[in-house]
Each structure stands twice: as structure tokens, then as C-alpha cells.
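K.L.:
The structure under discussion is supplied below as C-alpha cells; questions concerning it will follow.
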Amino acid sequence: MQNYISLAQIDEIVQTIKSRTSIQPIAGIILGSGLNGLADSVQKAVHIAYADLPNFPVSTVHGHVGRFVIGELEGKPVLVMQGRIHYYEGYTMGQVTLPVRVMQRMGIPSMIVTNAAGGVHPDFEPGDVMLITDQINLMGMSGLNPLMGPNLDEIGPRFPDMSQPYDRAYGELARSIAKENGITLREGIYVGLCGPSFESPADLRFLRLAGADAVGMSTVPEVIIARHGNMRVLGLSGISNKANLDGSTVTTHEEVIEAGKVITPKVEKIIRGVLRDM
Ligand code: HPA
């Protein structure tokens with residue numbers, strides 16, 4: 001595949017999806033590591049494996065399935081990405097964010113993005129859910145902005161505004177749904193790193209000083225692409241482990257998947273509630 005993805009390549013994928021279902025989703029939902037369960041409750045579901053789509057990367061990570069599930073949640077038409085593409089798998093930023101481009105060319109106005117993250121805020125505990133209020137694009141600052149390359153003028157401007165990456169009204173909605181359901185909803189800033197190695201204690205102290213509350217290996221590029229095309233975004237992090245600021249504990253992918261079991265029902269409640277009002 002060439003370095004940058006063209007509109008024609010995106011539209012080829014959209015055509016393939018449209019040949020399989022006539023559903024017009026109102027939201028695209030990206031499920032993070034260990035949070036795949038929600039896709040199984042989609043009703044009237046049509047499954048499209050990434051491997052069956054032209055130009056489409058395939059997720060290689062344990063805990064990620066690798067297909068679109070298109071159907072209904074709370075009676076609302078949705079497109080769920082069961083398994084996301086990460087930069088650390090060796091894909092380009094264009095490939096990592098291609099699913100968001102597909103959502104945009106399908107005319108989907110909103111994106112709900114979830115992830116597993118390490119809790120950098122000292123009060124966060126494994127199993128917590130955090131509403132993402134803003135993000136730090138550390139990958140972009142090191143030269144990996146997903147908008148590099150020819151601008152897709154049909155979707156958005158060369159220099160898009162990022163003053164509100166996460167939609168405030170959706171955040172407000174998430175807060176009230178969490179409250180109604182007795183779910184403690186943390187809030188904070190997500191910092192996206194490339195991974196796949198977890199952070200050293202010094203990395204984590206640096207990230208904390210920079211204002212990060214949670215750290216992970218995804219989301220930030222997807223949200224930049226979503227905002228380029230003016231999609232409204234809700235972001236939720238499942239805190240799977242406490243960031244190891246003093247080097248006294250070890251972080252593993254298994255604990256990330258395990259924490260997902262506690263986090264999934266809470267994230268599902270919030271997503272269902274937000275969809276009802278969307
Ligand atoms: N660091 C980075 N990514 C993660 C972590 C973490 O501690 N936990 C889950 N994803």
C-alpha cells in the first residue's frame with residue numbers, strides 16, 4: 001500500500017460495506033482492548049471482517065477481533081469497530097485512522113471511542129472509567145500526525161482547529177448517565193503514545209508533569225481525523241492498571257484484558273445512555 005490513502009480507496013471500502021447493508025449508522029463506535037463485549041449485543045447485526053474489505057488493515061492484537069458490526073444498539077443504527085488498528089502493529093497513521101475516514105464517507109456524524117489506559121492520576125484505580133476531556137498528541141508532536149500528507153479537502157481543511165477534540169455536550173450527557181446509574185465517572189486528559197512497550201517510571205513521571213491523567217496507545221490519531229471531518233466525539237478510557245510511577249509493579253497485557261471485564265458493563269451503560277439521546 002502507498003503511504004497515503006486516497007479518497008478513492010476509502011470510497012471503495014464504503015461501497016463494499018453499502019453492498020452488504022442498507023443501515024445508515026448515526027454513530028461509529030471504536031472498542032478498545034478488552035472492551036469488545038459490547039459488539040456482541042448489537043441487534044440485527046451484519047458482520048463484515050476487515051479481511052473482506054479492500055485496502056483495509058487487519059488488527060493483529062490479542063483481545064481484538066477485527067470486524068465491523070453494523071446494526072442497532074438501543075434501537076439506534078450504529079457501526080461498531082470490534083478491534084482497532086494500532087500504530088505499533090506496523091501500520092501507517094493513514095491505515096490506523098482509515099476506519100474513521102470510512103465513517104466520514106458513510107456520512108456518520110458522531111464517534112464514540114473507547115480504550116484501555118494506564119491511570120496516571122494518583123487517585124485512579126483499575127476498573128475506573130474516565131471521561132476523556134482533552135488529549136495530548138505526543139505522537140503528533142514527534143512527527144506522527146495522521147493528517148500529514150496530501151489534505152483530503154473534500155473532508156476538512158489543511159489546518160483544522162482542535163480547540164474541542166471531545167464534544168462538551170456529549171461529555172455532559174455521559175456525566176448525567178453515569179450519575180443516574182451510580183457509576184463513578186473519572187475525568188481527565190488522555191495522552192497517546194506509540195507503544196507497544198509500556199512506559200518506564202521516568203516516562204510516567206514526565207507524562208504526569210505534562211498534565212496527563214491516563215496513558216494509552218491509541219485514540220489520539222483517530223480523534224484528530226474525526227475532528228478534521230467535524231465529527232462530534234465522545235471518548236471513554238477504561239483504567240486497566242495504575243501507572244507504575246515508582247517502578248514497584250509490573251504492567252502486562254493480561255491485566256489490561258482482565259480489567260476490561262469490570263469496565264465493559266460500565267462503559268456499555270454509558271454508551272447505551274448516550275445513544276438514546278443522540
Ligand atoms: N500504558 C499504556 N497503554 C496502556 C496501559 C498503560 O499502562 N494500560 C493499558 N493500555
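Labeling convention for the C-alpha cells: chains A, B, ... as they appear, residues from 1 per chain, ligands from 1 in order of appearance.
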Would you mind listing what lies within 8 Å of Tyr170 in chain A as a ChimeraX atom specification, with only C-alpha atoms counted and same-chain residues fewer than 6 positions away left out?

P.N.:
/A:233-234,274

K.L.:
So which bits of range 84-185 of chain A end up strand (DSSP E) when you DSSP the backbone, as a list in words?

P.N.:
Ser110, Met111, Ile112, Val113, Thr114, Asn115, Ala116, Ala117, Gly118, Gly119, Val129, Met130, Leu131, Ile132, Thr133, Asp134, Gln135, Ile136 and Leu185 of chain A

K.L.:
Which residues sit within 7 Å of ligand 1, counting only C-alpha atoms and all ligand atoms, listed as a VMD selection string?

P.N.:
chain A and resid 116 to 119 195 198 to 199 215 to 217 240 to 243 251 256

K.L.:
Which distance in Å separates CA of Val96 in chain A and CA of Val191 in chain A, to one decimal?

P.N.:
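Going from CA of Val96 in chain A over to CA of Val191 in chain A covers 16.8 Å.
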
K.L.:
Please, what distance in Å, to one decimal, runs between CA of Ile132 in chain A and CA of Tyr166 in chain A?

P.N.:
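Separation between CA of Ile132 in chain A and CA of Tyr166 in chain A: 7.2 Å.
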
K.L.:
Do you have the CA of Gly71 in chain A-CA of His47 in chain A distance handy?

P.N.:
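Rounded to one decimal, the two atoms are 8.9 Å apart.
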
K.L.:
Can you list, as a PyMOL selection string, every protein, DNA or RNA residue that comes within 9 Å of Arg175 in chain A when you count only C-alpha atoms, leaving out same-chain residues fewer than 6 positions away?

P.N.:
chain A and resi 131+185+270

K.L.:
Mind checking which residues fall within 8 Å of Ile13 in chain A, counting only C-alpha atoms, ignoring those fewer than 4 positions away in the same chain, and posting them as a ChimeraX atom specification?

P.N.:
/A:9,17,53-56,102

K.L.:
Please dump the current selection as a PDB file, in the first residue's frame; keep N, CA, C and O atoms.

P.N.:
```
ATOM      1  N   GLN A   9      -9.764   5.163  -2.497  1.00  0.00           N
ATOM      2  CA  GLN A   9      -9.576   3.921  -1.722  1.00  0.00           C
ATOM      3  C   GLN A   9     -10.571   3.844  -0.567  1.00  0.00           C
ATOM      4  O   GLN A   9     -11.102   2.778  -0.267  1.00  0.00           O
ATOM      5  N   ILE A  17     -19.111  -1.942   1.978  1.00  0.00           N
ATOM      6  CA  ILE A  17     -19.976  -2.001   3.162  1.00  0.00           C
ATOM      7  C   ILE A  17     -21.430  -1.771   2.750  1.00  0.00           C
ATOM      8  O   ILE A  17     -22.331  -2.495   3.174  1.00  0.00           O
ATOM      9  N   LEU A  53     -12.483  -6.501   3.273  1.00  0.00           N
ATOM     10  CA  LEU A  53     -12.606  -5.146   2.732  1.00  0.00           C
ATOM     11  C   LEU A  53     -11.345  -4.774   1.958  1.00  0.00           C
ATOM     12  O   LEU A  53     -10.229  -5.040   2.421  1.00  0.00           O
ATOM     13  N   PRO A  54     -11.499  -4.144   0.787  1.00  0.00           N
ATOM     14  CA  PRO A  54     -10.330  -3.750   0.001  1.00  0.00           C
ATOM     15  C   PRO A  54      -9.516  -2.679   0.730  1.00  0.00           C
ATOM     16  O   PRO A  54     -10.100  -1.826   1.398  1.00  0.00           O
ATOM     17  N   ASN A  55      -8.208  -2.739   0.640  1.00  0.00           N
ATOM     18  CA  ASN A  55      -7.286  -1.724   1.212  1.00  0.00           C
ATOM     19  C   ASN A  55      -7.310  -1.657   2.732  1.00  0.00           C
ATOM     20  O   ASN A  55      -6.797  -0.708   3.316  1.00  0.00           O
ATOM     21  N   PHE A  56      -7.950  -2.634   3.394  1.00  0.00           N
ATOM     22  CA  PHE A  56      -8.164  -2.480   4.831  1.00  0.00           C
ATOM     23  C   PHE A  56      -7.140  -3.235   5.662  1.00  0.00           C
ATOM     24  O   PHE A  56      -6.883  -4.409   5.416  1.00  0.00           O
ATOM     25  N   VAL A 102     -13.625   6.042   6.785  1.00  0.00           N
ATOM     26  CA  VAL A 102     -14.764   5.273   6.262  1.00  0.00           C
ATOM     27  C   VAL A 102     -16.061   5.778   6.896  1.00  0.00           C
ATOM     28  O   VAL A 102     -17.055   6.016   6.216  1.00  0.00           O
TER      29      VAL A 102
END
```

K.L.:
Compare A:Leu209, A:Glu187, A:Tyr91, A:Gln24 by their minimum atom-to-atom distance to Asn3 in chain A, counting only C-alpha atoms, and give me the closest one.

P.N.:
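Smallest separation from Asn3 in chain A among the options: A:Tyr91.
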
K.L.:
Neighbouring residues of Asn36 in chain A were defined as those with any atom within 12 Å, considering only C-alpha atoms; residues of the same chain fewer than 6 positions away were excluded. Please report them as a compact mmCIF listing (two decimals) with all heavy atoms, in the first residue's frame.

P.N.:
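As a result, part.txt now contains:
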```txt
# COMPACT_ATOMS: atom_id res chain seq x y z
N ILE A 29 -18.58 3.44 16.62
CA ILE A 29 -18.09 3.13 17.97
C ILE A 29 -16.82 2.30 17.83
O ILE A 29 -16.82 1.26 17.18
CB ILE A 29 -19.16 2.35 18.76
CG1 ILE A 29 -20.48 3.14 18.83
CG2 ILE A 29 -18.66 2.03 20.17
CD1 ILE A 29 -21.64 2.39 19.47
N ILE A 30 -15.74 2.76 18.45
CA ILE A 30 -14.48 2.02 18.41
C ILE A 30 -14.25 1.39 19.78
O ILE A 30 -14.24 2.10 20.80
CB ILE A 30 -13.29 2.92 18.02
CG1 ILE A 30 -13.54 3.60 16.67
CG2 ILE A 30 -11.99 2.12 17.99
CD1 ILE A 30 -12.41 4.51 16.19
N VAL A 42 -25.06 -6.03 19.76
CA VAL A 42 -25.67 -5.29 18.63
C VAL A 42 -26.76 -6.17 18.01
O VAL A 42 -26.55 -7.34 17.75
CB VAL A 42 -24.59 -4.93 17.58
CG1 VAL A 42 -25.22 -4.32 16.33
CG2 VAL A 42 -23.57 -3.97 18.18
N HIS A 62 -4.02 -9.52 20.31
CA HIS A 62 -4.82 -10.42 21.12
C HIS A 62 -5.85 -9.59 21.88
O HIS A 62 -5.51 -8.57 22.48
CB HIS A 62 -3.92 -11.18 22.10
CG HIS A 62 -4.68 -11.95 23.14
ND1 HIS A 62 -5.48 -13.02 22.82
CD2 HIS A 62 -4.79 -11.78 24.48
CE1 HIS A 62 -6.04 -13.48 23.94
NE2 HIS A 62 -5.63 -12.74 24.95
N GLY A 63 -7.13 -9.98 21.83
CA GLY A 63 -8.17 -9.20 22.50
C GLY A 63 -8.92 -8.30 21.52
O GLY A 63 -9.85 -7.62 21.90
N HIS A 64 -8.47 -8.29 20.25
CA HIS A 64 -9.16 -7.50 19.21
C HIS A 64 -9.63 -8.47 18.12
O HIS A 64 -8.84 -9.25 17.61
CB HIS A 64 -8.22 -6.46 18.60
CG HIS A 64 -7.99 -5.28 19.49
ND1 HIS A 64 -8.63 -4.08 19.30
CD2 HIS A 64 -7.22 -5.13 20.58
CE1 HIS A 64 -8.24 -3.24 20.24
NE2 HIS A 64 -7.39 -3.85 21.03
N VAL A 65 -10.93 -8.38 17.76
CA VAL A 65 -11.49 -9.37 16.85
C VAL A 65 -11.19 -9.07 15.38
O VAL A 65 -10.77 -9.95 14.64
CB VAL A 65 -13.01 -9.53 17.09
CG1 VAL A 65 -13.61 -10.54 16.14
CG2 VAL A 65 -13.26 -9.95 18.53
N GLY A 66 -11.44 -7.85 14.94
CA GLY A 66 -11.13 -7.50 13.56
C GLY A 66 -12.30 -7.53 12.60
O GLY A 66 -12.25 -8.15 11.54
N ARG A 67 -13.39 -6.86 12.97
CA ARG A 67 -14.53 -6.77 12.05
C ARG A 67 -15.41 -5.57 12.41
O ARG A 67 -15.38 -5.08 13.54
CB ARG A 67 -15.36 -8.05 12.09
CG ARG A 67 -15.98 -8.31 13.45
CD ARG A 67 -16.71 -9.63 13.50
NE ARG A 67 -17.36 -9.82 14.79
CZ ARG A 67 -18.02 -10.92 15.14
NH1 ARG A 67 -18.10 -11.95 14.31
NH2 ARG A 67 -18.60 -11.01 16.32
N PHE A 68 -16.20 -5.14 11.41
CA PHE A 68 -17.24 -4.17 11.68
C PHE A 68 -18.51 -4.92 12.04
O PHE A 68 -18.82 -5.94 11.41
CB PHE A 68 -17.55 -3.32 10.43
CG PHE A 68 -16.53 -2.25 10.15
CD1 PHE A 68 -15.80 -2.24 8.97
CD2 PHE A 68 -16.31 -1.22 11.06
CE1 PHE A 68 -14.88 -1.25 8.70
CE2 PHE A 68 -15.38 -0.22 10.80
CZ PHE A 68 -14.67 -0.23 9.61
N VAL A 69 -19.22 -4.45 13.05
CA VAL A 69 -20.53 -4.97 13.38
C VAL A 69 -21.51 -3.82 13.17
O VAL A 69 -21.43 -2.80 13.86
CB VAL A 69 -20.59 -5.49 14.83
CG1 VAL A 69 -21.95 -6.12 15.12
CG2 VAL A 69 -19.47 -6.51 15.08
N VAL A 80 -20.05 -0.57 14.68
CA VAL A 80 -19.10 -0.83 15.76
C VAL A 80 -17.84 -1.46 15.17
O VAL A 80 -17.92 -2.38 14.37
CB VAL A 80 -19.71 -1.79 16.81
CG1 VAL A 80 -18.72 -2.05 17.94
CG2 VAL A 80 -21.00 -1.22 17.38
N MET A 81 -16.71 -0.90 15.57
CA MET A 81 -15.42 -1.48 15.17
C MET A 81 -15.01 -2.43 16.26
O MET A 81 -14.60 -2.00 17.35
CB MET A 81 -14.39 -0.36 15.13
CG MET A 81 -13.82 -0.04 13.81
SD MET A 81 -12.32 0.92 14.06
CE MET A 81 -11.12 -0.21 13.40
N GLN A 82 -15.14 -3.71 15.99
CA GLN A 82 -14.74 -4.70 17.00
C GLN A 82 -13.28 -5.06 16.74
O GLN A 82 -12.97 -5.95 15.95
CB GLN A 82 -15.64 -5.93 16.92
CG GLN A 82 -15.55 -6.82 18.14
CD GLN A 82 -16.55 -7.95 18.12
OE1 GLN A 82 -17.01 -8.34 17.05
NE2 GLN A 82 -16.86 -8.50 19.28
N GLY A 83 -12.40 -4.33 17.37
CA GLY A 83 -10.96 -4.48 17.11
C GLY A 83 -10.45 -3.29 16.34
O GLY A 83 -10.90 -3.01 15.24
N ARG A 84 -9.51 -2.57 16.94
CA ARG A 84 -8.96 -1.39 16.26
C ARG A 84 -7.57 -1.69 15.74
O ARG A 84 -6.97 -2.72 16.05
CB ARG A 84 -8.96 -0.17 17.17
CG ARG A 84 -8.12 -0.25 18.41
CD ARG A 84 -7.48 1.08 18.78
NE ARG A 84 -8.37 2.23 18.97
CZ ARG A 84 -9.02 2.53 20.08
NH1 ARG A 84 -8.94 1.71 21.12
NH2 ARG A 84 -9.74 3.63 20.19
N THR A 114 -13.42 4.28 22.64
CA THR A 114 -13.05 3.74 23.95
C THR A 114 -11.64 3.16 23.88
O THR A 114 -11.16 2.82 22.80
CB THR A 114 -14.02 2.62 24.41
OG1 THR A 114 -13.82 1.46 23.59
CG2 THR A 114 -15.48 3.05 24.31
N ASN A 115 -11.01 3.06 25.02
CA ASN A 115 -9.69 2.46 25.06
C ASN A 115 -9.40 1.92 26.45
O ASN A 115 -10.10 2.24 27.40
CB ASN A 115 -8.61 3.48 24.65
CG ASN A 115 -8.63 4.71 25.55
OD1 ASN A 115 -8.53 4.62 26.76
ND2 ASN A 115 -8.77 5.89 24.93
N ALA A 116 -8.38 1.08 26.51
CA ALA A 116 -7.81 0.68 27.80
C ALA A 116 -6.64 1.61 28.04
O ALA A 116 -5.89 1.93 27.11
CB ALA A 116 -7.34 -0.76 27.74
N ILE A 257 -6.58 -6.91 29.72
CA ILE A 257 -7.74 -7.67 29.26
C ILE A 257 -8.65 -8.03 30.44
O ILE A 257 -9.87 -7.94 30.37
CB ILE A 257 -7.29 -8.97 28.52
CG1 ILE A 257 -6.42 -8.61 27.30
CG2 ILE A 257 -8.47 -9.83 28.11
CD1 ILE A 257 -7.11 -7.82 26.22
N GLY A 260 -10.77 -5.26 31.68
CA GLY A 260 -11.85 -4.99 30.72
C GLY A 260 -13.17 -5.62 31.14
O GLY A 260 -14.24 -5.10 30.86
N LYS A 261 -13.09 -6.73 31.88
CA LYS A 261 -14.31 -7.44 32.30
C LYS A 261 -15.11 -6.60 33.31
O LYS A 261 -16.33 -6.65 33.33
CB LYS A 261 -13.95 -8.80 32.90
CG LYS A 261 -13.38 -9.76 31.86
CD LYS A 261 -12.93 -11.08 32.46
CE LYS A 261 -12.18 -11.91 31.42
NZ LYS A 261 -11.37 -12.97 32.02
N ILE A 263 -14.75 -3.24 33.50
CA ILE A 263 -15.00 -1.94 32.87
C ILE A 263 -16.14 -2.02 31.85
O ILE A 263 -16.97 -1.11 31.75
CB ILE A 263 -13.70 -1.43 32.21
CG1 ILE A 263 -12.64 -1.14 33.28
CG2 ILE A 263 -13.96 -0.21 31.35
CD1 ILE A 263 -11.23 -1.03 32.76
N THR A 264 -16.20 -3.14 31.09
CA THR A 264 -17.16 -3.24 29.98
C THR A 264 -18.60 -2.92 30.38
O THR A 264 -19.25 -2.12 29.69
CB THR A 264 -17.06 -4.64 29.32
OG1 THR A 264 -15.75 -4.76 28.78
CG2 THR A 264 -18.08 -4.80 28.21
N PRO A 265 -19.14 -3.49 31.47
CA PRO A 265 -20.54 -3.17 31.79
C PRO A 265 -20.77 -1.69 32.06
O PRO A 265 -21.82 -1.16 31.71
CB PRO A 265 -20.83 -4.00 33.05
CG PRO A 265 -19.65 -4.84 33.31
CD PRO A 265 -18.55 -4.47 32.39
N VAL A 267 -18.94 0.92 30.81
CA VAL A 267 -18.82 1.63 29.54
C VAL A 267 -20.07 1.39 28.68
O VAL A 267 -20.59 2.30 28.04
CB VAL A 267 -17.52 1.18 28.80
CG1 VAL A 267 -17.52 1.65 27.35
CG2 VAL A 267 -16.29 1.71 29.52
N GLU A 268 -20.55 0.15 28.73
CA GLU A 268 -21.74 -0.19 27.94
C GLU A 268 -22.94 0.63 28.40
O GLU A 268 -23.70 1.16 27.58
CB GLU A 268 -22.03 -1.70 28.05
CG GLU A 268 -23.32 -2.08 27.36
CD GLU A 268 -23.45 -3.57 27.07
OE1 GLU A 268 -22.47 -4.32 27.23
OE2 GLU A 268 -24.56 -3.98 26.69
```

K.L.:
Go through A:Gly127, A:Gly235, A:Pro157, A:Pro77 one by one, measure the shortest atom-to-atom distance of each to Leu31 in chain A using only C-alpha atoms, and give the residue with the smallest value.

P.N.:
A:Gly235

K.L.:
With distances taken over only C-alpha atoms, which of A:Lys266, A:Arg158, A:His121, A:His253 is nearest to Asp213 in chain A?

P.N.:
A:His121

K.L.:
Of the candidates A:Ile239, A:Ile23, A:Met231, A:Leu173, which one gets nearest to Arg272 in chain A if we count only C-alpha atoms?

P.N.:
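Nearest candidate to Arg272 in chain A out of A:Ile239, A:Ile23, A:Met231, A:Leu173: A:Leu173.
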